[in-house]
Structure formats: structure tokens, C-alpha cells
file final08.cif (mmCIF, C-alpha atoms)
data_entry
loop_
_atom_site.label_atom_id
_atom_site.label_comp_id
_atom_site.auth_asym_id
_atom_site.auth_seq_id
_atom_site.Cartn_x
_atom_site.Cartn_y
_atom_site.Cartn_z
CA MET V 1 10.47 -24.69 33.58
CA GLN V 2 9.09 -25.07 30.08
CA SER V 3 10.80 -23.54 27.12
CA LYS V 4 8.57 -21.68 24.71
CA ILE V 5 9.14 -22.33 21.05
CA THR V 6 8.20 -19.67 18.56
CA ALA V 7 6.52 -21.10 15.49
CA SER V 8 8.02 -20.05 12.17
CA LEU V 9 5.92 -20.24 9.02
CA LYS V 10 7.14 -22.04 5.96
CA PRO V 11 6.12 -20.79 2.50
CA ALA V 12 3.99 -23.90 1.95
CA ASP V 13 1.94 -23.17 5.10
CA VAL V 14 0.87 -19.66 4.04
CA GLU V 15 -2.78 -19.06 3.17
CA LYS V 16 -3.24 -15.78 1.34
CA LYS V 17 -6.49 -13.84 1.41
CA TRP V 18 -7.70 -11.17 -0.98
CA ILE V 19 -8.95 -7.87 0.46
CA VAL V 20 -10.39 -4.81 -1.28
CA ILE V 21 -10.14 -1.29 0.11
CA ASP V 22 -12.00 1.80 -1.11
CA ALA V 23 -9.51 4.69 -1.00
CA GLU V 24 -11.98 7.50 -1.67
CA ASN V 25 -11.21 10.45 0.66
CA ALA V 26 -8.70 8.32 2.60
CA VAL V 27 -5.55 9.95 4.01
CA VAL V 28 -2.58 8.66 2.01
CA GLY V 29 -0.14 7.99 4.85
CA ARG V 30 -2.62 6.16 7.05
CA LEU V 31 -3.87 4.08 4.12
CA ALA V 32 -0.33 3.25 2.96
CA SER V 33 0.63 2.15 6.48
CA PHE V 34 -2.43 -0.12 6.68
CA ILE V 35 -1.72 -1.62 3.24
CA ALA V 36 1.98 -2.19 4.01
CA ASN V 37 1.09 -4.08 7.19
CA ARG V 38 -1.36 -6.26 5.25
CA LEU V 39 1.16 -6.94 2.45
CA ARG V 40 3.86 -7.96 4.95
CA GLY V 41 1.49 -10.08 7.04
CA LYS V 42 2.17 -8.19 10.27
CA HIS V 43 -1.52 -8.33 11.19
CA LEU V 44 -1.23 -12.10 11.68
CA ALA V 45 -0.13 -13.88 14.85
CA THR V 46 1.97 -16.19 12.65
CA TYR V 47 4.01 -13.34 11.11
CA THR V 48 7.44 -14.47 9.97
CA PRO V 49 9.79 -11.74 8.72
CA HIS V 50 11.56 -13.76 6.01
CA VAL V 51 8.40 -15.37 4.54
CA ASP V 52 5.85 -13.72 2.27
CA CYS V 53 2.83 -14.33 4.50
CA GLY V 54 0.78 -11.21 3.67
CA ASP V 55 -2.46 -10.82 1.75
CA PHE V 56 -3.28 -9.65 -1.75
CA VAL V 57 -4.59 -6.08 -1.55
CA VAL V 58 -6.86 -4.47 -4.16
CA VAL V 59 -7.30 -0.70 -3.86
CA ILE V 60 -10.10 1.05 -5.76
CA ASN V 61 -10.65 4.81 -6.25
CA ALA V 62 -6.93 5.46 -5.71
CA GLY V 63 -7.12 8.75 -7.60
CA LYS V 64 -9.44 10.18 -4.94
CA VAL V 65 -7.08 9.96 -1.97
CA LYS V 66 -6.43 13.02 0.20
CA LEU V 67 -3.28 14.56 1.60
CA THR V 68 -3.26 16.44 4.90
CA GLY V 69 -1.90 19.93 5.43
CA ARG V 70 -0.19 21.62 2.48
CA LYS V 71 1.33 18.43 1.07
CA LEU V 72 -0.38 18.92 -2.33
CA GLU V 73 1.94 21.89 -2.98
CA GLN V 74 4.88 21.06 -0.72
CA LYS V 75 5.45 17.29 -1.05
CA THR V 76 8.03 16.81 -3.79
CA TYR V 77 8.97 13.64 -5.65
CA TYR V 78 12.47 13.47 -7.14
CA TRP V 79 13.97 11.16 -9.74
CA HIS V 80 17.07 11.15 -11.89
CA THR V 81 17.14 10.62 -15.64
CA GLY V 82 20.62 9.10 -15.63
CA TYR V 83 22.20 12.02 -17.45
CA PRO V 84 24.44 14.65 -15.83
CA GLY V 85 22.29 17.31 -14.22
CA GLY V 86 19.22 15.16 -14.85
CA ILE V 87 17.46 15.53 -11.50
CA LYS V 88 13.73 16.06 -11.98
CA GLU V 89 11.02 16.93 -9.51
CA THR V 90 7.25 17.17 -9.33
CA THR V 91 4.71 17.86 -6.60
CA ALA V 92 2.09 15.50 -5.24
CA GLY V 93 -0.66 17.77 -6.57
CA LYS V 94 0.64 17.46 -10.13
CA VAL V 95 0.87 13.67 -9.84
CA LEU V 96 -2.69 13.38 -8.46
CA GLY V 97 -3.97 15.63 -11.25
CA GLY V 98 -1.99 13.85 -13.97
CA ARG V 99 -2.33 10.64 -15.96
CA PHE V 100 -1.31 8.25 -13.18
CA PRO V 101 -2.73 9.48 -9.84
CA ASP V 102 -2.36 5.99 -8.35
CA ARG V 103 1.44 6.48 -8.21
CA VAL V 104 1.13 8.62 -5.07
CA LEU V 105 -0.31 5.70 -3.12
CA LYS V 106 1.97 3.12 -4.74
CA LYS V 107 5.11 5.09 -3.87
CA ALA V 108 3.90 5.63 -0.30
CA VAL V 109 3.37 1.88 0.17
CA GLU V 110 6.63 0.99 -1.60
CA ARG V 111 8.59 3.22 0.76
CA MET V 112 7.04 1.52 3.79
CA LEU V 113 8.22 -1.95 2.74
CA PRO V 114 11.75 -3.29 3.28
CA LYS V 115 14.24 -1.72 0.91
CA GLU V 116 15.79 -3.31 -2.16
CA SER V 117 15.00 -6.94 -1.48
CA PRO V 118 13.41 -9.73 -3.49
CA LEU V 119 10.87 -10.24 -0.69
CA ALA V 120 9.77 -6.59 -0.84
CA ARG V 121 9.40 -6.73 -4.64
CA ARG V 122 7.28 -9.89 -4.36
CA GLN V 123 5.10 -8.32 -1.66
CA LEU V 124 4.65 -5.12 -3.69
CA GLY V 125 3.52 -7.30 -6.59
CA HIS V 126 0.56 -8.38 -4.46
CA LEU V 127 -0.74 -4.80 -4.46
CA LYS V 128 -3.26 -4.00 -7.19
CA ILE V 129 -4.24 -0.32 -7.50
CA TYR V 130 -7.08 1.02 -9.68
CA ASN V 131 -8.21 4.63 -10.17
CA GLY V 132 -11.88 3.81 -10.67
CA PRO V 133 -14.42 1.83 -8.67
CA GLU V 134 -14.07 -1.30 -10.86
CA HIS V 135 -11.46 -4.05 -10.58
CA PRO V 136 -10.96 -7.36 -12.45
CA HIS V 137 -10.41 -9.49 -9.31
CA ALA V 138 -14.02 -10.44 -8.55
CA ALA V 139 -13.22 -14.12 -9.21
CA GLN V 140 -10.94 -14.18 -6.15
CA THR V 141 -13.89 -13.05 -3.96
CA PRO V 142 -11.98 -10.37 -2.05
CA GLU V 143 -13.15 -9.40 1.41
CA ALA V 144 -14.13 -5.71 1.61
CA ILE V 145 -12.50 -3.78 4.44
CA ALA V 146 -14.14 -0.51 5.48
CA PHE V 147 -10.94 1.47 6.04
CA ALA V 148 -12.85 4.71 6.65
CA GLU V 149 -14.72 3.22 9.59
CA LEU V 150 -11.63 1.94 11.43
CA ASN V 151 -10.73 5.41 12.71
CA ALA V 152 -12.24 8.87 12.23
CA LYS V 153 -8.81 10.25 11.24
CA ASN V 154 -8.57 7.86 8.28
CA VAL V 155 -10.84 10.03 6.11
CA ARG V 156 -10.67 13.67 5.05
CA SER V 157 -13.79 15.33 3.70
CA ALA V 158 -12.15 18.45 2.26
#
call {"tool": "encode", "arguments": {"input": "final08.cif", "output": "C-alpha cells"}}
result
Amino acid sequence: MQSKITASLKPADVEKKWIVIDAENAVVGRLASFIANRLRGKHLATYTPHVDCGDFVVVINAGKVKLTGRKLEQKTYYWHTGYPGGIKETTAGKVLGGRFPDRVLKKAVERMLPKESPLARRQLGHLKIYNGPEHPHAAQTPEAIAFAELNAKNVRSA
């Protein structure tokens, strides 16, 4: 009987790719789940949990993402100022209509990564989000992934 040995990647063996995703009309949760899997490297057969083996992900048109149901009015983001009674809240609709609409997608991805670890912070640093169709990473020759065509549920028209 042969024993099967599971290969474990070392940081020196990792080859990172660059991918670009157009987020226009994409559903936030589905897109965030796809991005989190790519950042962690879970799409690879050589996935190793304690090694940063994921790809660099560039997201364009992040301000044009869609939320399903009534999440624009009902999804609430909370934060604390640090002062007594300093809990603040805002809705997803206000964030998408505000100065930094890319924060909706960034927070969704951040909450799908491992919590409070140096590995998660490093992996989140490999996510580049832009509100418009332009990005400064053309020199890395990122591979375009048609996220909308992977599944019909990935895109909302209205």
C-alpha cells in the first residue's frame, strides 16, 4: 500500500498572476466570493492555507456594482468613533452614492478573508479596486476574466 503525500507550497514556489475583472452590473456578494477565492489561491490545485498563493486582482467599474433585493436601503454598515456613544451607521445605498463607492466591494471581500491575521492583510493588499474603467496596471499584463459570463446570476440588469 502506497502512502500519498500532500504537496505543500513554499513561498518561493508561488507564481502570482494578475487578473482584471469588470464589475459593472455584477452582484456584490457573488463577485466578492469570486475575488476572495482568487486572493486566497483556493482555485489552484496547489492551495496551501498558510501560504499566500493567490493572484493579484484588479477590479474596474467598482462603483457600478448591484445589490439584490432591498439591500440598498436595508444593508447597514456600522463603525465606532472611539468615543462613548460613538456608534455610527450608514446604508449601502449612501456608500454607493457617496465619494468612495468602491468601499462596498472592498468590505465584502475583506469580510470573506480570514480574520485579523497578517496573511489576510497581505492578501487584501493584492486587491486593487478602481471606480472607473481605467487602471494603472497595464504593465503587468493582467488576464481579463469575464465574470458576467461565468453564470447568469452573476449580473443584474436593473
call {"tool": "resolve_selection", "arguments": {"input": "final08.cif", "expression": "the PyMOL selection byres ((chain V and resi 8) around 12)", "output": "ChimeraX atom specification"}}
result
/V:5-7,9-14,45-53
call {"tool": "atom_distance", "arguments": {"input": "final08.cif", "atom1": "CA of Gly29 (chain V)", "atom2": "CA of Ala152 (chain V)"}}
result
14.2 Å
call {"tool": "resolve_selection", "arguments": {"input": "final08.cif", "expression": "the PyMOL selection byres ((chain V and resi 150) around 12)", "output": "list in words"}}
result
Ile21, Ala26, Arg30, Leu31, Phe34, Ile145, Ala146, Phe147, Ala148, Glu149, Asn151, Ala152, Lys153, Asn154 and Val155 of chain V
call {"tool": "resolve_selection", "arguments": {"input": "final08.cif", "expression": "the PyMOL selection byres ((chain V and resi 110) around 12)", "output": "PyMOL selection string"}}
result
chain V and resi 29+32-33+35-37+39-40+103-109+111-117+120-127
call {"tool": "residues_around", "arguments": {"input": "final08.cif", "residues": "Glu24 (chain V)", "least_positions_apart": "5", "cutoff": "10 Å", "atoms": "all atoms listed in the file", "output": "VMD selection string"}}
result
chain V and resid 59 to 66 131 to 133 147 to 148 155 to 157
call {"tool": "closest_residue", "arguments": {"input": "final08.cif", "among": "V:Lys94, V:His135, V:Arg99, V:Lys16", "to": "Tyr77 (chain V)", "atoms": "all atoms listed in the file"}}
result
V:Lys94
call {"tool": "atom_distance", "arguments": {"input": "final08.cif", "atom1": "CA of Pro118 (chain V)", "atom2": "CA of Glu15 (chain V)"}}
result
19.8 Å
